[in-house]
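Student: Please find protein-v4.pdb (PDB, C-alpha atoms, pLDDT in the B column) on the next line:
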```
ATOM      1  CA  MET Z   1     -12.019 -73.459 -15.019  1.00 52.00           C
ATOM      2  CA  LYS Z   2     -11.459 -72.227 -11.433  1.00 46.00           C
ATOM      3  CA  THR Z   3      -9.907 -74.499  -8.853  1.00 52.00           C
ATOM      4  CA  ARG Z   4     -11.439 -75.312  -5.468  1.00 49.00           C
ATOM      5  CA  GLY Z   5      -8.970 -72.984  -3.761  1.00 49.00           C
ATOM      6  CA  GLN Z   6      -9.922 -70.059  -6.023  1.00 47.00           C
ATOM      7  CA  LEU Z   7     -13.622 -70.638  -5.368  1.00 43.00           C
ATOM      8  CA  MET Z   8     -13.051 -70.650  -1.600  1.00 48.00           C
ATOM      9  CA  ALA Z   9     -10.961 -67.487  -1.773  1.00 48.00           C
ATOM     10  CA  GLN Z  10     -13.729 -65.399  -3.321  1.00 57.00           C
ATOM     11  CA  PRO Z  11     -16.052 -65.366  -0.249  1.00 61.00           C
ATOM     12  CA  VAL Z  12     -13.079 -64.611   1.996  1.00 57.00           C
ATOM     13  CA  ALA Z  13     -12.108 -61.635  -0.145  1.00 60.00           C
ATOM     14  CA  LYS Z  14     -15.664 -60.315  -0.090  1.00 65.00           C
ATOM     15  CA  VAL Z  15     -15.816 -60.598   3.686  1.00 61.00           C
ATOM     16  CA  ALA Z  16     -12.478 -58.827   3.993  1.00 65.00           C
ATOM     17  CA  ARG Z  17     -13.677 -55.958   1.793  1.00 70.00           C
ATOM     18  CA  LEU Z  18     -16.893 -55.621   3.780  1.00 66.00           C
ATOM     19  CA  PHE Z  19     -14.879 -55.576   7.023  1.00 67.00           C
ATOM     20  CA  LEU Z  20     -12.636 -52.802   5.735  1.00 66.00           C
ATOM     21  CA  ILE Z  21     -15.620 -50.765   4.558  1.00 69.00           C
ATOM     22  CA  LEU Z  22     -17.279 -51.179   7.952  1.00 69.00           C
ATOM     23  CA  CYS Z  23     -14.110 -50.075   9.770  1.00 65.00           C
ATOM     24  CA  ALA Z  24     -13.819 -46.999   7.562  1.00 63.00           C
ATOM     25  CA  ALA Z  25     -17.451 -46.078   8.200  1.00 62.00           C
ATOM     26  CA  LEU Z  26     -17.073 -46.464  11.955  1.00 60.00           C
ATOM     27  CA  LEU Z  27     -13.917 -44.367  11.889  1.00 58.00           C
ATOM     28  CA  ALA Z  28     -15.657 -41.614   9.929  1.00 58.00           C
ATOM     29  CA  VAL Z  29     -18.594 -41.599  12.345  1.00 55.00           C
ATOM     30  CA  SER Z  30     -16.323 -41.441  15.364  1.00 57.00           C
ATOM     31  CA  CYS Z  31     -14.402 -38.534  13.842  1.00 55.00           C
ATOM     32  CA  ASP Z  32     -17.587 -36.620  13.039  1.00 53.00           C
ATOM     33  CA  LYS Z  33     -18.829 -36.990  16.613  1.00 55.00           C
ATOM     34  CA  GLY Z  34     -15.534 -35.939  18.156  1.00 58.00           C
ATOM     35  CA  LYS Z  35     -15.234 -32.782  20.200  1.00 67.00           C
ATOM     36  CA  PRO Z  36     -14.338 -29.694  18.156  1.00 71.00           C
ATOM     37  CA  LEU Z  37     -10.875 -28.293  18.570  1.00 70.00           C
ATOM     38  CA  THR Z  38     -10.966 -24.987  20.410  1.00 76.00           C
ATOM     39  CA  ILE Z  39      -8.182 -22.506  21.060  1.00 74.00           C
ATOM     40  CA  ASN Z  40      -8.572 -20.093  23.921  1.00 79.00           C
ATOM     41  CA  GLY Z  41      -8.263 -16.459  22.998  1.00 76.00           C
ATOM     42  CA  TYR Z  42      -5.428 -14.317  24.291  1.00 73.00           C
ATOM     43  CA  ARG Z  43      -4.398 -10.694  24.179  1.00 77.00           C
ATOM     44  CA  LEU Z  44      -1.184  -9.059  23.115  1.00 72.00           C
ATOM     45  CA  ASN Z  45      -0.012  -5.855  24.689  1.00 74.00           C
ATOM     46  CA  PRO Z  46       0.396  -3.381  21.812  1.00 70.00           C
ATOM     47  CA  PRO Z  47       3.777  -1.657  21.629  1.00 63.00           C
ATOM     48  CA  LYS Z  48       3.885   1.843  22.935  1.00 64.00           C
ATOM     49  CA  PRO Z  49       3.917   4.294  20.025  1.00 60.00           C
ATOM     50  CA  ALA Z  50       7.009   6.392  19.702  1.00 54.00           C
ATOM     51  CA  SER Z  51       6.413  10.068  20.289  1.00 62.00           C
ATOM     52  CA  HIS Z  52       9.073  11.047  17.762  1.00 73.00           C
ATOM     53  CA  PHE Z  53      10.912   9.330  14.932  1.00 79.00           C
ATOM     54  CA  THR Z  54      13.882  10.202  12.791  1.00 87.00           C
ATOM     55  CA  ALA Z  55      13.987   9.424   9.095  1.00 88.00           C
ATOM     56  CA  GLY Z  56      16.353   9.833   6.191  1.00 91.00           C
ATOM     57  CA  VAL Z  57      16.736   8.860   2.559  1.00 92.00           C
ATOM     58  CA  GLY Z  58      19.546   7.970   0.214  1.00 95.00           C
ATOM     59  CA  GLN Z  59      19.868   7.122  -3.461  1.00 95.00           C
ATOM     60  CA  GLU Z  60      22.549   5.678  -5.729  1.00 96.00           C
ATOM     61  CA  GLU Z  61      22.469   4.825  -9.405  1.00 95.00           C
ATOM     62  CA  ILE Z  62      23.184   1.128 -10.013  1.00 94.00           C
ATOM     63  CA  THR Z  63      23.196   1.129 -13.829  1.00 91.00           C
ATOM     64  CA  PRO Z  64      26.083  -1.156 -14.906  1.00 87.00           C
ATOM     65  CA  TYR Z  65      28.174  -0.903 -18.034  1.00 84.00           C
ATOM     66  CA  ALA Z  66      26.857  -1.746 -21.506  1.00 82.00           C
ATOM     67  CA  GLY Z  67      27.493  -5.247 -22.779  1.00 82.00           C
ATOM     68  CA  ILE Z  68      26.357  -6.989 -19.605  1.00 84.00           C
ATOM     69  CA  PRO Z  69      23.732  -9.771 -19.793  1.00 86.00           C
ATOM     70  CA  LEU Z  70      20.283  -8.722 -18.618  1.00 85.00           C
ATOM     71  CA  GLY Z  71      18.643 -10.713 -15.836  1.00 84.00           C
ATOM     72  CA  GLY Z  72      15.287 -12.428 -15.943  1.00 73.00           C
ATOM     73  CA  HIS Z  73      14.959 -13.191 -19.651  1.00 69.00           C
ATOM     74  CA  GLY Z  74      15.938 -16.851 -19.370  1.00 59.00           C
ATOM     75  CA  ILE Z  75      17.443 -18.552 -22.419  1.00 58.00           C
ATOM     76  CA  GLY Z  76      16.190 -15.769 -24.681  1.00 55.00           C
ATOM     77  CA  GLY Z  77      17.955 -13.112 -22.617  1.00 58.00           C
ATOM     78  CA  ARG Z  78      19.452 -10.032 -24.143  1.00 79.00           C
ATOM     79  CA  ILE Z  79      22.713  -8.173 -23.807  1.00 82.00           C
ATOM     80  CA  ALA Z  80      22.596  -4.521 -22.745  1.00 80.00           C
ATOM     81  CA  ARG Z  81      23.632  -2.266 -25.625  1.00 79.00           C
ATOM     82  CA  GLY Z  82      23.241   1.005 -23.759  1.00 79.00           C
ATOM     83  CA  THR Z  83      21.063   2.792 -21.209  1.00 80.00           C
ATOM     84  CA  TRP Z  84      17.383   3.451 -21.787  1.00 81.00           C
ATOM     85  CA  MET Z  85      16.592   4.563 -18.225  1.00 86.00           C
ATOM     86  CA  PRO Z  86      18.940   4.567 -15.222  1.00 91.00           C
ATOM     87  CA  LEU Z  87      18.592   1.983 -12.462  1.00 93.00           C
ATOM     88  CA  TYR Z  88      18.561   3.065  -8.823  1.00 95.00           C
ATOM     89  CA  ALA Z  89      18.822   1.824  -5.276  1.00 96.00           C
ATOM     90  CA  ARG Z  90      16.564   3.946  -3.056  1.00 96.00           C
ATOM     91  CA  ALA Z  91      16.966   3.660   0.714  1.00 96.00           C
ATOM     92  CA  PHE Z  92      14.696   4.855   3.527  1.00 94.00           C
ATOM     93  CA  TYR Z  93      15.887   4.727   7.121  1.00 94.00           C
ATOM     94  CA  PHE Z  94      13.692   5.116  10.217  1.00 91.00           C
ATOM     95  CA  GLN Z  95      14.610   5.202  13.913  1.00 88.00           C
ATOM     96  CA  ASP Z  96      12.378   5.897  16.912  1.00 84.00           C
ATOM     97  CA  THR Z  97      13.174   7.218  20.368  1.00 80.00           C
ATOM     98  CA  MET Z  98      13.514   3.659  21.714  1.00 81.00           C
ATOM     99  CA  GLY Z  99      16.406   2.960  19.370  1.00 81.00           C
ATOM    100  CA  ARG Z 100      14.459   0.660  17.049  1.00 87.00           C
ATOM    101  CA  SER Z 101      15.488   1.144  13.433  1.00 91.00           C
ATOM    102  CA  VAL Z 102      14.814  -0.216   9.975  1.00 93.00           C
ATOM    103  CA  ALA Z 103      16.349   0.385   6.555  1.00 95.00           C
ATOM    104  CA  MET Z 104      13.990  -0.228   3.619  1.00 95.00           C
ATOM    105  CA  VAL Z 105      15.750  -0.417   0.254  1.00 96.00           C
ATOM    106  CA  SER Z 106      14.240  -0.790  -3.212  1.00 95.00           C
ATOM    107  CA  CYS Z 107      16.650  -1.894  -5.950  1.00 95.00           C
ATOM    108  CA  ASP Z 108      16.004  -1.896  -9.696  1.00 94.00           C
ATOM    109  CA  LEU Z 109      17.049  -5.549 -10.081  1.00 93.00           C
ATOM    110  CA  PHE Z 110      15.281  -8.737 -11.129  1.00 90.00           C
ATOM    111  CA  ALA Z 111      15.944 -10.262  -7.690  1.00 90.00           C
ATOM    112  CA  VAL Z 112      18.010  -9.890  -4.526  1.00 92.00           C
ATOM    113  CA  SER Z 113      20.098 -12.859  -3.440  1.00 91.00           C
ATOM    114  CA  ALA Z 114      21.075 -13.772   0.107  1.00 91.00           C
ATOM    115  CA  GLY Z 115      24.722 -13.256  -0.783  1.00 93.00           C
ATOM    116  CA  LEU Z 116      24.137  -9.732  -2.049  1.00 95.00           C
ATOM    117  CA  ARG Z 117      22.153  -8.819   1.055  1.00 95.00           C
ATOM    118  CA  SER Z 118      24.898 -10.136   3.344  1.00 95.00           C
ATOM    119  CA  ASP Z 119      27.617  -8.211   1.528  1.00 96.00           C
ATOM    120  CA  VAL Z 120      25.565  -5.004   1.541  1.00 96.00           C
ATOM    121  CA  LEU Z 121      25.075  -5.350   5.302  1.00 96.00           C
ATOM    122  CA  ARG Z 122      28.808  -5.919   5.763  1.00 96.00           C
ATOM    123  CA  ARG Z 123      29.676  -2.753   3.871  1.00 96.00           C
ATOM    124  CA  VAL Z 124      27.088  -0.674   5.750  1.00 96.00           C
ATOM    125  CA  ASN Z 125      28.456  -1.780   9.118  1.00 95.00           C
ATOM    126  CA  GLN Z 126      31.917  -0.600   8.142  1.00 94.00           C
ATOM    127  CA  LYS Z 127      30.565   2.977   8.442  1.00 93.00           C
ATOM    128  CA  GLU Z 128      27.288   2.800  10.377  1.00 91.00           C
ATOM    129  CA  ARG Z 129      25.579   0.395  12.771  1.00 91.00           C
ATOM    130  CA  LEU Z 130      22.691  -1.638  11.347  1.00 91.00           C
ATOM    131  CA  GLU Z 131      21.345  -4.861  12.825  1.00 92.00           C
ATOM    132  CA  PRO Z 132      20.824  -7.739  10.349  1.00 93.00           C
ATOM    133  CA  ALA Z 133      17.092  -7.909  11.086  1.00 93.00           C
ATOM    134  CA  ALA Z 134      16.752  -4.166  10.403  1.00 94.00           C
ATOM    135  CA  LEU Z 135      17.647  -4.440   6.712  1.00 95.00           C
ATOM    136  CA  LEU Z 136      14.783  -4.941   4.250  1.00 95.00           C
ATOM    137  CA  LEU Z 137      16.332  -5.277   0.810  1.00 95.00           C
ATOM    138  CA  SER Z 138      13.928  -5.815  -2.087  1.00 95.00           C
ATOM    139  CA  ALA Z 139      13.891  -5.762  -5.887  1.00 94.00           C
ATOM    140  CA  THR Z 140      11.502  -4.093  -8.320  1.00 93.00           C
ATOM    141  CA  HIS Z 141      11.844  -7.241 -10.477  1.00 90.00           C
ATOM    142  CA  THR Z 142      12.815  -5.383 -13.600  1.00 88.00           C
ATOM    143  CA  HIS Z 143      14.007  -7.588 -16.464  1.00 85.00           C
ATOM    144  CA  HIS Z 144      16.208  -4.798 -17.757  1.00 85.00           C
ATOM    145  CA  GLY Z 145      18.732  -4.975 -14.935  1.00 88.00           C
ATOM    146  CA  PRO Z 146      21.989  -6.922 -14.773  1.00 89.00           C
ATOM    147  CA  ALA Z 147      22.367 -10.672 -14.408  1.00 88.00           C
ATOM    148  CA  ASN Z 148      25.139 -12.897 -13.001  1.00 88.00           C
ATOM    149  CA  PHE Z 149      25.354 -11.304  -9.534  1.00 90.00           C
ATOM    150  CA  ALA Z 150      23.327 -13.902  -7.610  1.00 87.00           C
ATOM    151  CA  SER Z 151      24.787 -16.228  -5.005  1.00 86.00           C
ATOM    152  CA  SER Z 152      22.792 -19.116  -6.497  1.00 83.00           C
ATOM    153  CA  ALA Z 153      24.113 -21.015  -9.512  1.00 83.00           C
ATOM    154  CA  ALA Z 154      20.547 -21.639 -10.690  1.00 80.00           C
ATOM    155  CA  TYR Z 155      19.804 -17.927 -11.050  1.00 80.00           C
ATOM    156  CA  ASN Z 156      23.162 -17.248 -12.692  1.00 80.00           C
ATOM    157  CA  GLY Z 157      22.660 -20.135 -15.105  1.00 77.00           C
ATOM    158  CA  PHE Z 158      19.055 -19.483 -16.129  1.00 75.00           C
ATOM    159  CA  GLY Z 159      18.363 -15.871 -15.198  1.00 74.00           C
ATOM    160  CA  GLY Z 160      20.459 -14.489 -18.031  1.00 75.00           C
ATOM    161  CA  PRO Z 161      21.768 -15.651 -21.403  1.00 75.00           C
ATOM    162  CA  LEU Z 162      25.301 -16.263 -20.154  1.00 77.00           C
ATOM    163  CA  PRO Z 163      26.077 -18.494 -17.151  1.00 77.00           C
ATOM    164  CA  ASP Z 164      28.556 -18.051 -14.279  1.00 83.00           C
ATOM    165  CA  PHE Z 165      29.081 -15.447 -11.565  1.00 87.00           C
ATOM    166  CA  ASP Z 166      30.448 -11.971 -12.256  1.00 88.00           C
ATOM    167  CA  SER Z 167      32.255 -10.677  -9.169  1.00 90.00           C
ATOM    168  CA  GLU Z 168      32.764  -7.243 -10.751  1.00 92.00           C
ATOM    169  CA  VAL Z 169      29.011  -6.691 -11.104  1.00 92.00           C
ATOM    170  CA  PHE Z 170      28.375  -8.134  -7.643  1.00 93.00           C
ATOM    171  CA  ASN Z 171      30.851  -5.774  -5.959  1.00 95.00           C
ATOM    172  CA  PHE Z 172      29.565  -2.799  -7.984  1.00 95.00           C
ATOM    173  CA  LEU Z 173      25.972  -3.414  -6.881  1.00 96.00           C
ATOM    174  CA  SER Z 174      26.908  -4.136  -3.269  1.00 96.00           C
ATOM    175  CA  GLU Z 175      28.975  -0.961  -2.947  1.00 96.00           C
ATOM    176  CA  ARG Z 176      26.319   1.277  -4.515  1.00 96.00           C
ATOM    177  CA  ILE Z 177      23.412  -0.171  -2.512  1.00 97.00           C
ATOM    178  CA  ALA Z 178      25.377   0.091   0.728  1.00 97.00           C
ATOM    179  CA  SER Z 179      26.229   3.696  -0.111  1.00 97.00           C
ATOM    180  CA  ALA Z 180      22.524   4.534  -0.489  1.00 97.00           C
ATOM    181  CA  ILE Z 181      21.819   3.054   2.952  1.00 96.00           C
ATOM    182  CA  VAL Z 182      24.695   4.925   4.580  1.00 96.00           C
ATOM    183  CA  GLN Z 183      23.390   8.137   3.008  1.00 96.00           C
ATOM    184  CA  ALA Z 184      19.944   7.472   4.473  1.00 95.00           C
ATOM    185  CA  ILE Z 185      21.328   6.805   7.959  1.00 94.00           C
ATOM    186  CA  SER Z 186      23.508   9.921   7.845  1.00 93.00           C
ATOM    187  CA  ASP Z 187      20.582  11.969   6.576  1.00 92.00           C
ATOM    188  CA  ALA Z 188      18.460  10.790   9.494  1.00 90.00           C
ATOM    189  CA  HIS Z 189      21.153  11.692  11.999  1.00 89.00           C
ATOM    190  CA  ASP Z 190      21.671  15.112  10.449  1.00 88.00           C
ATOM    191  CA  HIS Z 191      17.973  15.938  10.868  1.00 81.00           C
ATOM    192  CA  ALA Z 192      17.269  14.094  14.100  1.00 77.00           C
ATOM    193  CA  THR Z 193      15.976  17.199  15.861  1.00 78.00           C
ATOM    194  CA  GLU Z 194      13.370  17.967  13.208  1.00 76.00           C
ATOM    195  CA  GLU Z 195       9.786  16.791  13.116  1.00 74.00           C
ATOM    196  CA  HIS Z 196       9.038  14.350  10.297  1.00 67.00           C
ATOM    197  CA  GLU Z 197       5.923  13.306   8.450  1.00 68.00           C
ATOM    198  CA  LEU Z 198       5.406  10.115   6.435  1.00 66.00           C
ATOM    199  CA  ALA Z 199       2.757  10.265   3.712  1.00 66.00           C
ATOM    200  CA  PHE Z 200       1.550   7.754   1.111  1.00 61.00           C
ATOM    201  CA  THR Z 201      -0.073   9.257  -1.987  1.00 62.00           C
ATOM    202  CA  PRO Z 202      -2.840   7.540  -4.026  1.00 57.00           C
ATOM    203  CA  VAL Z 203      -0.370   6.694  -6.809  1.00 49.00           C
ATOM    204  CA  THR Z 204       1.754   4.673  -4.335  1.00 46.00           C
ATOM    205  CA  ARG Z 205       4.629   7.148  -4.435  1.00 47.00           C
ATOM    206  CA  LEU Z 206       6.240   7.522  -1.022  1.00 46.00           C
ATOM    207  CA  ALA Z 207       7.222  10.982   0.126  1.00 47.00           C
ATOM    208  CA  LEU Z 208       9.239  11.687   3.249  1.00 46.00           C
ATOM    209  CA  PHE Z 209       9.270  15.272   4.498  1.00 45.00           C
ATOM    210  CA  SER Z 210      10.954  17.214   7.210  1.00 44.00           C
ATOM    211  CA  ALA Z 211       8.970  20.062   8.715  1.00 42.00           C
ATOM    212  CA  THR Z 212      11.404  22.717   7.555  1.00 40.00           C
ATOM    213  CA  GLU Z 213      12.283  21.378   4.096  1.00 40.00           C
ATOM    214  CA  ARG Z 214       9.358  19.559   2.535  1.00 39.00           C
ATOM    215  CA  SER Z 215      10.752  19.277  -0.994  1.00 37.00           C
ATOM    216  CA  ARG Z 216      14.181  17.929  -0.055  1.00 38.00           C
ATOM    217  CA  LEU Z 217      13.254  14.308   0.540  1.00 37.00           C
ATOM    218  CA  SER Z 218      10.588  13.690  -2.088  1.00 37.00           C
ATOM    219  CA  TYR Z 219      10.778  10.642  -4.368  1.00 34.00           C
TER
END
```
So that I can check it, write out the structure of this file as C-alpha cells.

Tutor:
Amino acid sequence: MKTRGQLMAQPVAKVARLFLILCAALLAVSCDKGKPLTINGYRLNPPKPASHFTAGVGQEEITPYAGIPLGGHGIGGRIARGTWMPLYARAFYFQDTMGRSVAMVSCDLFAVSAGLRSDVLRRVNQKERLEPAALLLSATHTHHGPANFASSAAYNGFGGPLPDFDSEVFNFLSERIASAIVQAISDAHDHATEEHELAFTPVTRLALFSATERSRLSY
C-alpha cells in the first residue's frame, strides 16, 4: 500500500518529465531555426614551380644475421633461419633551385620507430645536411624483417617472439639506412647539372632517369 507522500510524488514526477520533454523540444526547434554556419572562401597563392630539380638515389641491403626474431608476427613469431630474399633501404633525394629538398626512404621493415628515424637523421647529418622535416622514412610493413629495434617497449614486447631491445640490430639498421640516404644526396650533387625526369609506371614502380644515362637510376 502506497503512502500519502508517495501518491503526491507521482504527479510531481510526471510534471517534471513533461517539463524536461518540453525544454528539449524547444531547444531542438531553436537549433533547427538557427543561422547556418558559413565560412568565407579564400585563395592560396600556389608555389612557383621550380624550373630545374636535382635528384639522386641510393640503396643499401639491411638483411640482418640469421637467428634474429622476425617482427610483426606477435606471440607466434618466428626466428630467422636464413635469407629467402634480401631486405633493402631505398632512398630518393630531390632538391630544387630554391634549395628545398626531401629524402624519401622505403625500408623493408615491419615499422619505423621515432627513435630509429632520429638516429638515421643524426648519422646523415654527420656527412650531409638534411633538415628534420625533409626526411620521409617509411616501412614496407614486411613481416619477414627483424624485430627488437623499436624505441617503444610495446613493439619490442609484442612485435616479435622475444622481448627487449637489441642495440646491435638498431645500430645496424640505422647505419645502413643513413648510408642509403647519403648515397642519394651525393648522387644528386654529382649529377646536378643534368636534366632529370621523374616517371611513374602503371605497376607503381618508380624510375628516376638522368637525360644522359637513363638506365643508371632505375628501380

Student: Report the distance between atom CA of Z:Ala134 and atom CA of Z:Arg100 in Å, rounded to one decimal place.

Tutor: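 Atom-to-atom, atom CA of Z:Ala134 and atom CA of Z:Arg100 are spaced 8.5 Å apart.
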
Student: What separation in Å, quoted to one decimal, exists between atom CA of Z:Ala147 and atom CA of Z:Arg78?

Tutor: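 Taking atom CA of Z:Ala147 and atom CA of Z:Arg78, their separation equals 10.2 Å.
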
Student: So that I can check the surroundings of stretch 83-86 of chain Z, please list as a list in words every protein, DNA and RNA residue that reaches within 10 Å of it, counting only C-alpha atoms and ignoring chain neighbours fewer than 5 positions away.

Tutor: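 Surrounding residues, per the criterion: Glu61, Ile62, Thr63, Pro64, Tyr65, Ala66, Asp108, His144 and Gly145 of chain Z.
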
Student: Keeping C-alpha atoms for every residue in the selection just given, could you write it to a file as a PDB file, keeping the file's coordinate frame?

Tutor:
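Output file part-v7.pdb follows:
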```pdb
ATOM      1  CA  GLU Z  61      22.469   4.825  -9.405  1.00 95.00           C
ATOM      2  CA  ILE Z  62      23.184   1.128 -10.013  1.00 94.00           C
ATOM      3  CA  THR Z  63      23.196   1.129 -13.829  1.00 91.00           C
ATOM      4  CA  PRO Z  64      26.083  -1.156 -14.906  1.00 87.00           C
ATOM      5  CA  TYR Z  65      28.174  -0.903 -18.034  1.00 84.00           C
ATOM      6  CA  ALA Z  66      26.857  -1.746 -21.506  1.00 82.00           C
ATOM      7  CA  ASP Z 108      16.004  -1.896  -9.696  1.00 94.00           C
ATOM      8  CA  HIS Z 144      16.208  -4.798 -17.757  1.00 85.00           C
ATOM      9  CA  GLY Z 145      18.732  -4.975 -14.935  1.00 88.00           C
TER      10      GLY Z 145
END
```

Student: Determine the residue set returned by the PyMOL selection byres ((chain Z and resi 137) around 6) for the present structure, and present it as a list of chain:residue names.

Tutor: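 That expression, the PyMOL selection byres ((chain Z and resi 137) around 6), corresponds here to Z:Val105, Z:Leu136, Z:Ser138.
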
Student: Which polymer residues have any atom within 7 Å of an atom of stretch 174-185 of chain Z, counting all atoms listed in the file, with same-chain residues fewer than 5 positions away left out, as a PDB file with C-alpha atoms, keeping the file's coordinate frame?

Tutor:
```
ATOM      1  CA  GLY Z  56      16.353   9.833   6.191  1.00 91.00           C
ATOM      2  CA  VAL Z  57      16.736   8.860   2.559  1.00 92.00           C
ATOM      3  CA  GLY Z  58      19.546   7.970   0.214  1.00 95.00           C
ATOM      4  CA  GLN Z  59      19.868   7.122  -3.461  1.00 95.00           C
ATOM      5  CA  GLU Z  60      22.549   5.678  -5.729  1.00 96.00           C
ATOM      6  CA  ILE Z  62      23.184   1.128 -10.013  1.00 94.00           C
ATOM      7  CA  ALA Z  89      18.822   1.824  -5.276  1.00 96.00           C
ATOM      8  CA  ARG Z  90      16.564   3.946  -3.056  1.00 96.00           C
ATOM      9  CA  ALA Z  91      16.966   3.660   0.714  1.00 96.00           C
ATOM     10  CA  PHE Z  92      14.696   4.855   3.527  1.00 94.00           C
ATOM     11  CA  TYR Z  93      15.887   4.727   7.121  1.00 94.00           C
ATOM     12  CA  LEU Z 116      24.137  -9.732  -2.049  1.00 95.00           C
ATOM     13  CA  ASP Z 119      27.617  -8.211   1.528  1.00 96.00           C
ATOM     14  CA  VAL Z 120      25.565  -5.004   1.541  1.00 96.00           C
ATOM     15  CA  ARG Z 123      29.676  -2.753   3.871  1.00 96.00           C
ATOM     16  CA  VAL Z 124      27.088  -0.674   5.750  1.00 96.00           C
ATOM     17  CA  GLU Z 128      27.288   2.800  10.377  1.00 91.00           C
TER      18      GLU Z 128
END
```

Student: Please determine, counting only C-alpha atoms, which residue among Z:Pro161, Z:Tyr88, Z:Ser151, Z:Asn45 has the shortest atom-to-atom distance to Z:Ala139.

Tutor: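 Under the stated criterion, the closest residue is Z:Tyr88.
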
Student: Neighbours of Z:Asn156 within 12 Å (only C-alpha atoms; same-chain residues fewer than 2 positions away dropped), as a ChimeraX atom specification?

Tutor: /Z:69-75,77,110-111,113,146-154,158-167,170

Student: Would you mind exporting the chosen residues as an mmCIF file, in the frame of the given file, restricted to C-alpha atoms?

Tutor:
```
data_model
loop_
_atom_site.group_PDB
_atom_site.id
_atom_site.type_symbol
_atom_site.label_atom_id
_atom_site.label_comp_id
_atom_site.auth_asym_id
_atom_site.auth_seq_id
_atom_site.Cartn_x
_atom_site.Cartn_y
_atom_site.Cartn_z
ATOM 1 C CA PRO Z 69 23.732 -9.771 -19.793
ATOM 2 C CA LEU Z 70 20.283 -8.722 -18.618
ATOM 3 C CA GLY Z 71 18.643 -10.713 -15.836
ATOM 4 C CA GLY Z 72 15.287 -12.428 -15.943
ATOM 5 C CA HIS Z 73 14.959 -13.191 -19.651
ATOM 6 C CA GLY Z 74 15.938 -16.851 -19.370
ATOM 7 C CA ILE Z 75 17.443 -18.552 -22.419
ATOM 8 C CA GLY Z 77 17.955 -13.112 -22.617
ATOM 9 C CA PHE Z 110 15.281 -8.737 -11.129
ATOM 10 C CA ALA Z 111 15.944 -10.262 -7.690
ATOM 11 C CA SER Z 113 20.098 -12.859 -3.440
ATOM 12 C CA PRO Z 146 21.989 -6.922 -14.773
ATOM 13 C CA ALA Z 147 22.367 -10.672 -14.408
ATOM 14 C CA ASN Z 148 25.139 -12.897 -13.001
ATOM 15 C CA PHE Z 149 25.354 -11.304 -9.534
ATOM 16 C CA ALA Z 150 23.327 -13.902 -7.610
ATOM 17 C CA SER Z 151 24.787 -16.228 -5.005
ATOM 18 C CA SER Z 152 22.792 -19.116 -6.497
ATOM 19 C CA ALA Z 153 24.113 -21.015 -9.512
ATOM 20 C CA ALA Z 154 20.547 -21.639 -10.690
ATOM 21 C CA PHE Z 158 19.055 -19.483 -16.129
ATOM 22 C CA GLY Z 159 18.363 -15.871 -15.198
ATOM 23 C CA GLY Z 160 20.459 -14.489 -18.031
ATOM 24 C CA PRO Z 161 21.768 -15.651 -21.403
ATOM 25 C CA LEU Z 162 25.301 -16.263 -20.154
ATOM 26 C CA PRO Z 163 26.077 -18.494 -17.151
ATOM 27 C CA ASP Z 164 28.556 -18.051 -14.279
ATOM 28 C CA PHE Z 165 29.081 -15.447 -11.565
ATOM 29 C CA ASP Z 166 30.448 -11.971 -12.256
ATOM 30 C CA SER Z 167 32.255 -10.677 -9.169
ATOM 31 C CA PHE Z 170 28.375 -8.134 -7.643
#
```

Student: Please determine, counting all atoms listed in the file, which residue among Z:Ala55, Z:Leu121, Z:Val112, Z:Val169 has the shortest atom-to-atom distance to Z:Ala188.

Tutor: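 For Z:Ala188, the nearest of the given residues is Z:Ala55.
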
Student: Nearest to Z:Asp187 among Z:Phe94, Z:Arg43, Z:Glu131, Z:Arg17, with distances taken over all atoms listed in the file: which residue is it?

Tutor: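 Between Z:Phe94, Z:Arg43, Z:Glu131, Z:Arg17, the residue approaching Z:Asp187 most closely is Z:Phe94.
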
Student: Please report the interatomic distance between atom CA of Z:Arg122 and atom CA of Z:Leu135 in Å with one decimal.

Tutor: 11.3 Å
